[in-house]
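Structure file structure_15.cif (mmCIF, C-alpha atoms) is printed below.
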```cif
data_start
loop_
_atom_site.label_atom_id
_atom_site.label_comp_id
_atom_site.auth_asym_id
_atom_site.auth_seq_id
_atom_site.Cartn_x
_atom_site.Cartn_y
_atom_site.Cartn_z
CA MET A 24 -38.24 -16.48 6.83
CA LYS A 25 -40.66 -19.29 7.51
CA ILE A 26 -40.46 -23.07 7.58
CA ILE A 27 -42.70 -25.15 5.34
CA GLN A 28 -43.05 -28.84 6.17
CA THR A 29 -43.91 -31.28 3.38
CA GLN A 30 -43.50 -34.90 2.40
CA VAL A 31 -43.80 -34.25 -1.34
CA LEU A 32 -41.62 -31.79 -3.24
CA THR A 33 -42.57 -29.94 -6.39
CA LEU A 34 -40.20 -30.09 -9.37
CA GLU A 35 -39.23 -26.47 -8.69
CA GLN A 36 -38.41 -27.31 -5.06
CA LYS A 37 -36.34 -30.34 -6.13
CA GLU A 38 -34.39 -28.20 -8.58
CA SER A 39 -33.72 -25.61 -5.88
CA LEU A 40 -32.63 -28.28 -3.36
CA PHE A 41 -30.41 -29.95 -5.97
CA GLU A 42 -28.65 -26.61 -6.51
CA LEU A 43 -28.41 -25.96 -2.76
CA TRP A 44 -26.96 -29.45 -2.13
CA ASN A 45 -24.33 -29.06 -4.84
CA ALA A 46 -23.42 -25.51 -3.76
CA GLU A 47 -23.07 -26.10 -0.02
CA TYR A 48 -22.09 -29.72 0.59
CA PRO A 49 -18.61 -31.08 -0.20
CA GLU A 50 -18.06 -31.46 -3.94
CA ARG A 51 -17.41 -35.19 -3.55
CA ILE A 52 -21.00 -35.87 -2.46
CA GLY A 53 -22.59 -33.72 -5.14
CA TYR A 54 -24.93 -35.01 -7.82
CA LYS A 55 -24.29 -34.82 -11.56
CA ASP A 56 -27.86 -34.09 -12.54
CA LEU A 57 -31.36 -33.70 -11.15
CA SER A 58 -32.39 -37.28 -11.92
CA GLU A 59 -29.50 -38.64 -9.83
CA PHE A 60 -30.59 -36.37 -6.94
CA GLU A 61 -34.21 -37.50 -7.36
CA ASN A 62 -33.05 -41.15 -7.20
CA TYR A 63 -31.39 -40.37 -3.86
CA LEU A 64 -34.61 -38.80 -2.52
CA ASP A 65 -36.72 -41.70 -3.82
CA GLY A 66 -34.49 -44.18 -1.98
CA VAL A 67 -34.98 -42.54 1.42
CA SER A 68 -37.66 -44.01 3.72
CA SER A 69 -40.28 -41.92 5.52
CA ILE A 70 -38.79 -38.61 4.40
CA LYS A 71 -40.12 -35.29 5.69
CA HIS A 72 -38.83 -32.00 4.32
CA TYR A 73 -38.50 -28.72 6.19
CA LEU A 74 -37.96 -25.85 3.76
CA LEU A 75 -36.68 -22.49 5.00
CA VAL A 76 -38.20 -19.98 2.59
CA ASN A 77 -38.31 -16.21 2.28
CA ASP A 78 -41.33 -14.05 1.41
CA LEU A 79 -40.89 -14.93 -2.29
CA ASN A 80 -40.89 -18.69 -1.47
CA GLN A 81 -37.22 -18.98 -2.41
CA ILE A 82 -35.46 -21.75 -0.49
CA SER A 83 -32.59 -20.60 1.73
CA GLY A 84 -32.27 -23.77 3.79
CA TRP A 85 -33.46 -27.33 3.93
CA ALA A 86 -33.63 -29.95 6.64
CA PHE A 87 -35.03 -33.43 6.21
CA THR A 88 -35.69 -36.42 8.39
CA PHE A 89 -35.85 -40.05 7.35
CA VAL A 90 -35.61 -43.58 8.69
CA ARG A 91 -32.54 -45.76 8.09
CA GLU A 92 -32.07 -49.16 9.75
CA ASP A 93 -34.86 -48.41 12.26
CA GLU A 94 -33.26 -45.15 13.40
CA ASP A 95 -34.38 -41.55 12.83
CA TRP A 96 -31.83 -39.60 10.80
CA PHE A 97 -31.59 -36.06 9.49
CA GLY A 98 -29.72 -33.84 7.08
CA ILE A 99 -29.53 -30.05 6.91
CA ILE A 100 -28.19 -27.49 4.44
CA ILE A 101 -28.19 -23.71 4.75
CA ASN A 102 -27.30 -21.34 1.92
CA ALA A 103 -23.89 -19.82 2.74
CA LYS A 104 -25.41 -16.29 2.70
CA PHE A 105 -27.59 -17.27 5.67
CA GLN A 106 -25.12 -19.31 7.73
CA GLY A 107 -24.23 -17.91 11.13
CA LYS A 108 -27.58 -16.10 11.42
CA ARG A 109 -29.39 -18.72 13.54
CA PHE A 110 -31.38 -20.19 10.62
CA GLY A 111 -29.67 -23.57 11.05
CA THR A 112 -30.67 -23.59 14.71
CA LEU A 113 -34.21 -22.59 13.72
CA LEU A 114 -34.42 -25.60 11.39
CA LEU A 115 -32.87 -27.94 13.96
CA ASP A 116 -35.34 -26.76 16.60
CA GLU A 117 -38.19 -27.58 14.20
CA LEU A 118 -36.77 -31.08 13.70
CA LYS A 119 -36.41 -31.53 17.47
CA ASN A 120 -40.04 -30.52 17.97
CA ASN A 121 -41.06 -33.42 15.73
CA ALA A 122 -38.65 -36.13 16.94
CA SER A 123 -37.31 -37.68 20.12
CA VAL A 124 -34.00 -38.78 18.57
CA LEU A 125 -31.98 -37.49 15.60
CA ASN A 126 -28.92 -39.18 14.12
CA GLY A 127 -26.62 -37.67 11.54
CA TRP A 128 -23.16 -37.63 10.04
CA ALA A 129 -20.83 -34.65 10.32
CA THR A 130 -17.35 -34.13 8.99
CA ASP A 131 -14.86 -33.49 11.77
CA HIS A 132 -12.06 -32.08 9.62
CA GLN A 133 -11.45 -29.27 7.13
CA ASN A 134 -10.26 -31.42 4.19
CA ASN A 135 -13.23 -30.98 1.84
CA VAL A 136 -14.00 -28.29 -0.70
CA LYS A 137 -17.29 -27.17 -2.13
CA ARG A 138 -18.00 -27.11 -5.86
CA ASN A 139 -16.87 -23.45 -6.03
CA LYS A 140 -13.52 -24.59 -4.53
CA GLU A 141 -14.12 -22.78 -1.24
CA PRO A 142 -13.38 -24.88 1.87
CA TYR A 143 -16.24 -26.88 3.35
CA LEU A 144 -16.07 -26.10 7.06
CA SER A 145 -16.91 -28.84 9.52
CA PRO A 146 -20.32 -28.21 11.15
CA LEU A 147 -19.39 -30.26 14.23
CA ASP A 148 -19.15 -27.28 16.63
CA PHE A 149 -22.60 -26.10 15.43
CA TYR A 150 -24.13 -29.48 16.28
CA ILE A 151 -22.42 -29.68 19.68
CA LYS A 152 -23.72 -26.18 20.48
CA ASN A 153 -27.21 -27.45 19.59
CA GLY A 154 -27.10 -30.38 22.00
CA PHE A 155 -25.74 -33.19 19.83
CA ILE A 156 -23.34 -35.79 21.20
CA VAL A 157 -20.45 -37.01 19.06
CA ASP A 158 -19.93 -40.78 18.88
CA GLN A 159 -16.23 -41.04 18.00
CA ASN A 160 -16.57 -44.84 17.75
CA LYS A 161 -18.95 -44.63 14.78
CA ARG A 162 -17.55 -43.27 11.55
CA MET A 163 -18.42 -43.32 7.89
CA GLU A 164 -15.29 -43.66 5.81
CA ASN A 165 -15.49 -44.08 2.04
CA ASP A 166 -14.22 -42.49 -1.15
CA LYS A 167 -16.81 -39.69 -0.86
CA ILE A 168 -16.85 -38.75 2.80
CA SER A 169 -15.17 -39.07 6.16
CA ALA A 170 -17.60 -38.29 8.98
CA VAL A 171 -18.44 -39.03 12.59
CA LYS A 172 -21.88 -39.97 13.89
CA ILE A 173 -23.77 -37.36 15.88
CA ARG A 174 -26.89 -37.91 17.95
CA TRP A 175 -29.46 -35.77 19.73
CA LYS A 176 -31.94 -37.24 22.16
CA ARG A 177 -34.80 -35.53 23.94
CA ILE A 178 -34.25 -35.61 27.70
#
```

How does the structure come out when it is put into structure tokens?
Amino acid sequence: MKIIQTQVLTLEQKESLFELWNAEYPERIGYKDLSEFENYLDGVSSIKHYLLVNDLNQISGWAFTFVREDEDWFGIIINAKFQGKRFGTLLLDELKNNASVLNGWATDHQNNVKRNKEPYLSPLDFYIKNGFIVDQNKRMENDKISAVKIRWKRI
């Protein structure tokens, strides 16, 4: 596996990331079609993509950084077949090498399901293990997601 960094995605990469997003994130935050997903990507400022690809250039994971309200944010998705094999940490380490602060949202409960109806497991322990601090006072609560803010800062 290798990580490819890019600011511009090909159509094939967008299609692969759309499928990855809808397969691995909670069903409630999925996208109906590729154009809706592309609209999300187009609305994100200063986005950088980190694609985890195999020898055939198939995407197994994706991390991205962006700017929101003058803060550096990130998102990460790993194909379920590759979770628990340190690929998420590999992607996070790459993000950390290119940032001094990372902010994100993480669910802190087990109430969501993925599109295939399997449970979406909270990644909070993974982030804590990787040096993130949980800010229990900052939450995102809406009809699609309930999450707590997490933050990593270079020391």

Legend entry - Polymer residues at most 10 Å from range 155-157 of chain A, all atoms listed in the file, same-chain spacing of 3 or more positions, as a count of residues only: 20

Legend entry - Nearest candidate to Asp116 in chain A (options A:Lys167, A:Lys37, A:Arg177, A:Arg51; using only C-alpha atoms):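 Closest to Asp116 in chain A of all the choices is A:Arg177.
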
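Between CA of Asn62 in chain A and CA of Ser145 in chain A lies a distance of 26.3 Å.
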
Inset, instruction - Choose the residue, out of A:Ser83, A:Gln133, A:Gln159, A:Asn45, that has the smallest atom-to-atom separation from Phe110 in chain A; count only C-alpha atoms. - result: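 Closest residue, counting only C-alpha atoms: A:Ser83.
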
Legend entry - Residues returned when the PyMOL selection byres ((chain A and resi 144) around 10) runs on this file, as a list of chain:residue names: A:Glu47, A:Tyr48, A:Pro49, A:Thr130, A:Asp131, A:His132, A:Gln133, A:Asn134, A:Asn135, A:Val136, A:Lys137, A:Glu141, A:Pro142, A:Tyr143, A:Ser145, A:Pro146, A:Leu147

Inset, instruction - May I have the residues within 10 Å of Gln30 in chain A as a ChimeraX atom specification, using all atoms listed in the file and disregarding those fewer than 6 positions away in the same chain? - result: /A:69-73,87-88

Legend entry - Residues returned when the PyMOL selection byres ((chain A and resi 57) around 9) runs on this file, as a list in words: Lys37, Glu38, Phe41, Glu42, Tyr54, Lys55, Asp56, Ser58, Glu59, Phe60, Glu61 and Asn62 of chain A

Legend entry - Å distance separating CA of Val67 in chain A from CA of Asp93 in chain A, one decimal place: 12.3 Å

Inset, instruction - Go ahead and compute the interatomic distance for CA of Ile27 in chain A and CA of Leu74 in chain A, in Å to one decimal. - result: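 Straight-line distance from CA of Ile27 in chain A to CA of Leu74 in chain A works out to 5.0 Å.
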